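Here the structure is laid out as structure tokens; the discussion comes afterwards.
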Amino acid sequence: MKTEQTPTVKRLVDYRPPNFTISTVELDFVLDESKAIVTNRMQVSRAGRHNEPLVLDGEGLTLVSLAIDGQPLPAERFQCSDTTLTISSLPECFEVTVVTEIDPKANTSLEGLYLSEGSYCTQCEAEGFRKITYYLDRPDVLAVFTTRIEADEKCSYLLSNGNKTEEGRLPDGRHYASWHDPHPKPCYLFALVAGEFDLLCDSYRTTEGRDVALQLFVDKGNKPRGEFALAALKRSMAWDEQRFGLAYDLDIYMVVAVDFFNMGAMENKGLNVFNSKYVLAEPQSATDTDYHNIEAVIGHEYFHNWTGNRVTCRDWFQLSLKEGLTVFRDQEFSADMGSPAVNRLQNVRVIQTQQFAEDAGPMAHPIRPAQVIEMNNFYTVTVYNKGSEVIRMIHTLLGEASFRKGMDLYFQRHDGQAVTCDDFVLAMEDASGIDLTTFRRWYSQSGTPEVTVTDSYDEVRECYTLNCTQVTPTTADQTEKAPQHIPLAIALYADNGEELPLNDQVGELQHSVLDFKQTAQTFEFFGIKQKPTPALLVNFSAPVKLHFDYTEADLAFLVKHASDAYVKWSALQSLLSEAIFAAEQKGLDSLVLSDVIIAACEALIKTTQLDEAIVAEILSVPSVATLIEQRSFSDISRLAMLRDSAVRCLGERLSEVISARLATLRPGPYQYAAKDVAQRSLSGVLISYLAAGAPTHLPDIVERFNRVDNMTEKLALLAAANHWQLSCKERLLSSYEAAWKHDPLVMDKWLSIQALSPADGAISTIRRLFDYEVFSFSNPNRVRALVGTFAASNPYQFHRIDGEGYKLLTEVVIKLNKLNPQVAARIITPLTQWKKMDVTRQGLMKGCLQEVLALPELSKDLFEIVDKSLAQ
Ligand code: B3K
Ligand code: ZN
């Protein structure tokens, strides 16, 4: 229903180029906690021949003064609304000087200019610059920025984009600094930071011979925790030069870590602002996963300097132009820094669990959305991770050499421009000569294609045939679906486990990636002496669901013989999922895994032929979130019980083998090094099996917890004790608390563990923790650690049939509606996916959503998501 308050929908088809351009912006900030004065002087020109007024965006600003070409503007020449400043009767070229007042301290949305633990910082993407000053807040308006910052001397560092041009002292204990960024940029890349920090310095010489000063700013006392991130930055710089020939383009690169931040980090030109979670690490307090994520996010933001900053987006519908491509680049970087196979499996898990769920839910959208209410709602796993899969498919279709040519051409054509996803695909097409006409559908069509493959074998012709069909189910946003261009990578195995050559009829070797672009297509392979076992979707070559009628023996065969880690992993995941679903169908609460599955797992535990990290991935029993994604309608509490029962069964049946393997996994003193990370990850999985099914075989958990020198192993022990309700759980929690109570970032893990407790009483514990001193509703990391984790990953307690879990989340969402709409809109996601649940839970969940929808002054962030969910 459209009411007065219904927020407006913006559509891609309505895109028009800006009717004014801005060449230079001079910003002057006089900082004060609750009254900051921003003077903005811009040189503006009319674009094209028209008489339209200039409409600047602005939100929550107090207008102090307005002048055109230095002359104060009479009131009849301009108009202010809640979101715009409209100025009419303007010449062709003119200077606008607008002075506004803002209140950083009252800004709890963490968008625009705000305070993080006493330091000023900004977040402008997507549309936060308009909360700082009146501007053409859209990515296709590129200007050269000069920024002067004046503040109290207790803010010892005054930072902005580009190079520092001036600094000095002022009367009354104040000082100033001026910055100039020579690269024209959209305002979403503007940044300002002013505060007191510890500084880590280093330098990097680019292949072009430029000496770049590297500066990392962290909270006082955190210097040792910044070393790893700084080293990761240098690795990123070297990698981008080597892999893509891209070097850095300013004399200084700054990274600031702040505690109050809505997402991971932000790629502002020359001045990245980071959530401290993705900067700070030392072995005692950070896990291997933290180290991995820090390296990935540091890389991601650095890579944006070319894919995002030098070439930016024409409009926000094109977000995947920079995000999908930059995720692809960071994934390639992580793969090169560590294990490609393990990284690939981790990427695949995000797609299969979170992205497939998004496609199946109310917020389904293509990687290039066609319509949006609140842009911040579209920084999604679809735009980012599926976006990266789409780039990866282009890479697969073109091959590394042509892909690189395509990237080179893209930069050659578009450096300094704001462009579209079509421009990117065209560069790839022109550079490679490969037709991507059908492929472009991946940008406009949402949903997960379902590919069904059947096979047949003709002994006389020695011909093996794969019959492929594809269908993309209707999604919440789109009913019509066309076939996609799917690169389907395959391998065929003979009974002895040997991989067979893929010959065509005349004996020529065929490509192992099949070009599957029609609704139904048949592929034939010749010279095949006996019916082979096919491995399909090798290395997860496309973001699709694949169906093939494998027997249990086929899957066990693939676990053993397939050379590709994804195929092995996927085969064992299918065996385990099928066992769980079969028990669910029978209405059972527990299950016994077949001898075939047990034997496959036993062989994996014993093998020394595979990297331990890959074994750990393969052996991980699918999460409830992964399972639920594979079924349209499930009893989630039964699935959770059966999932745990599968782990218990493995622990019981394989306790001896597990104990023997565990004894061989003894990494030395902590190092974040691939071999050690692999050992710790396998050890974590094996310990959880024993905790589940054979607790008497466990090593002394408390002794081990006290002895190990790193957070990775401590947390794995704590997680196992918590999930499997070992008697030592409380002791471990107290010991953790005593060690880290002073450090909120480290306490986030402790909060999450308690949010994950399957035990009754978890909800009252969470409520108690709301009042605990480290917790605060205004800090997104705390909220995500406690409430986000609970809702997304505690199936037993969040989905309680009495509705108490849903009630808890709803209360928090209501509280955050005004405090921080972006975080509210994120953590509500599990409630919006009610369609997957049983009828009772559906009713409870919808009731909660209706309560949110009825809120007075509902943010547009929440409105968009809740309204769509209820409309299903
Ligand atoms: N570009 C930012 C994300 C901005 C999110 C705005 N709600 C970080 C990144 O993707 O690198
Ligand atoms: Zn990004």
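Chain labels A, B, ... are given in the sequence in which chains occur in the structure tokens; within each chain residues are numbered consecutively from 1, and ligands are likewise numbered from 1 in the order shown.
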Within range 426-659 of chain A, find each residue whose DSSP state, derived from the backbone, is alpha helix (DSSP H), and express the selection as an MDAnalysis selection string. chainID A and resid 426:432 441:444 552:561 565:585 595:606 612:619 624:629 636:653 655:659
With a cut-off of 10 Å, could you pull out the residues of range 115-146 of chain A touching range 258-264 of chain A and give me the nearest pair of atoms for each, distance in Å to one decimal, using only C-alpha atoms, ordered by chain and ascending number, as a tab-separated table?
```
residue	atom	partner	partner_atom	distance
A:Leu115	CA	A:Phe260	CA	8.2
A:Ser116	CA	A:Phe260	CA	5.2
A:Glu117	CA	A:Asp259	CA	7.2
A:Ser119	CA	A:Val258	CA	8.3
A:Tyr120	CA	A:Val258	CA	9.7
A:Cys121	CA	A:Val258	CA	8.3
A:Thr122	CA	A:Phe261	CA	9.6
A:Gln123	CA	A:Phe261	CA	8.5
```
Once you count only C-alpha atoms and all ligand atoms, what closest atom pair and distance in Å to one decimal does each residue of chain A within 8 Å of ligand 2 have, with rows by chain and rising residue number, as CSV?
```
residue,atom,partner,partner_atom_place_in_ligand_line,distance
A:Met266,CA,ligand 2,1 (Zn),7.3
A:Glu267,CA,ligand 2,1 (Zn),7.2
A:His300,CA,ligand 2,1 (Zn),6.2
A:Glu301,CA,ligand 2,1 (Zn),6.2
A:His304,CA,ligand 2,1 (Zn),6.6
A:Gly308,CA,ligand 2,1 (Zn),7.9
A:Lys322,CA,ligand 2,1 (Zn),6.8
A:Glu323,CA,ligand 2,1 (Zn),4.7
A:Gly324,CA,ligand 2,1 (Zn),7.9
A:Thr326,CA,ligand 2,1 (Zn),6.1
A:Val327,CA,ligand 2,1 (Zn),6.8
A:Tyr384,CA,ligand 2,1 (Zn),7.7
```
Which residues are near Val702 in chain A? Cut-off 12 Å, only C-alpha atoms, ignore same chain within fewer than 4 positions. Put them as a compact mmCIF listing (two decimals) with N, CA, C and O atoms, in the first residue's frame.
```
# COMPACT_ATOMS: atom_id res chain seq x y z
N LEU A 698 38.45 -37.29 24.76
CA LEU A 698 38.99 -35.93 24.59
C LEU A 698 40.24 -35.73 25.41
O LEU A 698 40.35 -36.25 26.53
N ASN A 706 44.40 -23.86 28.88
CA ASN A 706 45.35 -23.03 29.61
C ASN A 706 46.74 -23.06 28.99
O ASN A 706 47.50 -22.12 29.10
N ARG A 707 47.05 -24.17 28.33
CA ARG A 707 48.41 -24.34 27.82
C ARG A 707 48.63 -23.66 26.46
O ARG A 707 49.69 -23.08 26.24
N VAL A 708 47.64 -23.74 25.56
CA VAL A 708 47.92 -23.27 24.20
C VAL A 708 48.20 -21.76 24.18
O VAL A 708 47.68 -21.01 24.99
N GLU A 713 43.22 -21.94 18.87
CA GLU A 713 42.96 -23.20 19.56
C GLU A 713 42.07 -22.99 20.78
O GLU A 713 41.20 -23.81 21.07
N LYS A 714 42.29 -21.89 21.49
CA LYS A 714 41.45 -21.64 22.68
C LYS A 714 39.98 -21.55 22.26
O LYS A 714 39.10 -22.14 22.88
N LEU A 717 38.36 -24.84 21.38
CA LEU A 717 38.02 -25.62 22.58
C LEU A 717 36.76 -25.05 23.23
O LEU A 717 35.85 -25.79 23.63
N LEU A 718 36.72 -23.75 23.34
CA LEU A 718 35.58 -23.10 23.97
C LEU A 718 34.30 -23.37 23.16
O LEU A 718 33.24 -23.66 23.74
N ALA A 720 33.66 -25.91 21.19
CA ALA A 720 33.25 -27.31 21.34
C ALA A 720 32.60 -27.52 22.71
O ALA A 720 31.54 -28.15 22.81
N ALA A 721 33.21 -26.96 23.75
CA ALA A 721 32.65 -27.12 25.10
C ALA A 721 31.26 -26.51 25.16
O ALA A 721 30.35 -27.05 25.80
N LEU A 726 29.86 -29.40 27.44
CA LEU A 726 30.79 -30.10 28.33
C LEU A 726 30.79 -29.40 29.69
O LEU A 726 30.53 -28.20 29.78
N SER A 727 31.10 -30.16 30.70
CA SER A 727 31.01 -29.60 32.05
C SER A 727 32.01 -28.48 32.29
O SER A 727 31.83 -27.63 33.16
N CYS A 728 33.07 -28.43 31.49
CA CYS A 728 34.10 -27.39 31.70
C CYS A 728 33.71 -26.04 31.08
O CYS A 728 34.43 -25.05 31.23
N LYS A 729 32.57 -25.99 30.41
CA LYS A 729 32.20 -24.78 29.67
C LYS A 729 32.26 -23.50 30.52
O LYS A 729 32.88 -22.51 30.12
N GLU A 730 31.65 -23.54 31.70
CA GLU A 730 31.61 -22.32 32.53
C GLU A 730 33.01 -21.89 32.96
O GLU A 730 33.33 -20.70 33.00
N ARG A 731 33.85 -22.89 33.27
CA ARG A 731 35.22 -22.56 33.70
C ARG A 731 35.97 -21.86 32.57
O ARG A 731 36.70 -20.90 32.80
N LEU A 732 35.80 -22.36 31.36
CA LEU A 732 36.51 -21.75 30.23
C LEU A 732 35.99 -20.34 29.98
O LEU A 732 36.77 -19.41 29.74
N LEU A 733 34.68 -20.18 30.06
CA LEU A 733 34.11 -18.84 29.83
C LEU A 733 34.63 -17.84 30.86
O LEU A 733 34.99 -16.70 30.53
N SER A 734 34.71 -18.28 32.13
CA SER A 734 35.18 -17.36 33.17
C SER A 734 36.66 -17.03 32.96
O SER A 734 37.09 -15.89 33.16
N SER A 735 37.41 -18.03 32.58
CA SER A 735 38.83 -17.79 32.40
C SER A 735 39.05 -16.80 31.24
O SER A 735 39.88 -15.90 31.31
N TYR A 736 38.26 -16.96 30.19
CA TYR A 736 38.34 -16.04 29.05
C TYR A 736 37.97 -14.61 29.49
O TYR A 736 38.67 -13.64 29.20
```
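Atom pair CA of Gln510 in chain A / CA of Asn467 in chain A: separated by 16.6 Å.
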Identify which of the residues A:Val657, A:Leu250, A:Ile801, A:Leu321 lies closest to ligand 1, counting only C-alpha atoms and all ligand atoms when measuring atom-to-atom distances.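 Result for the nearest residue to ligand 1: A:Leu321.
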To one decimal place, how far is CA of Asp554 in chain A from CA of Gly587 in chain A in Å? 26.6 Å
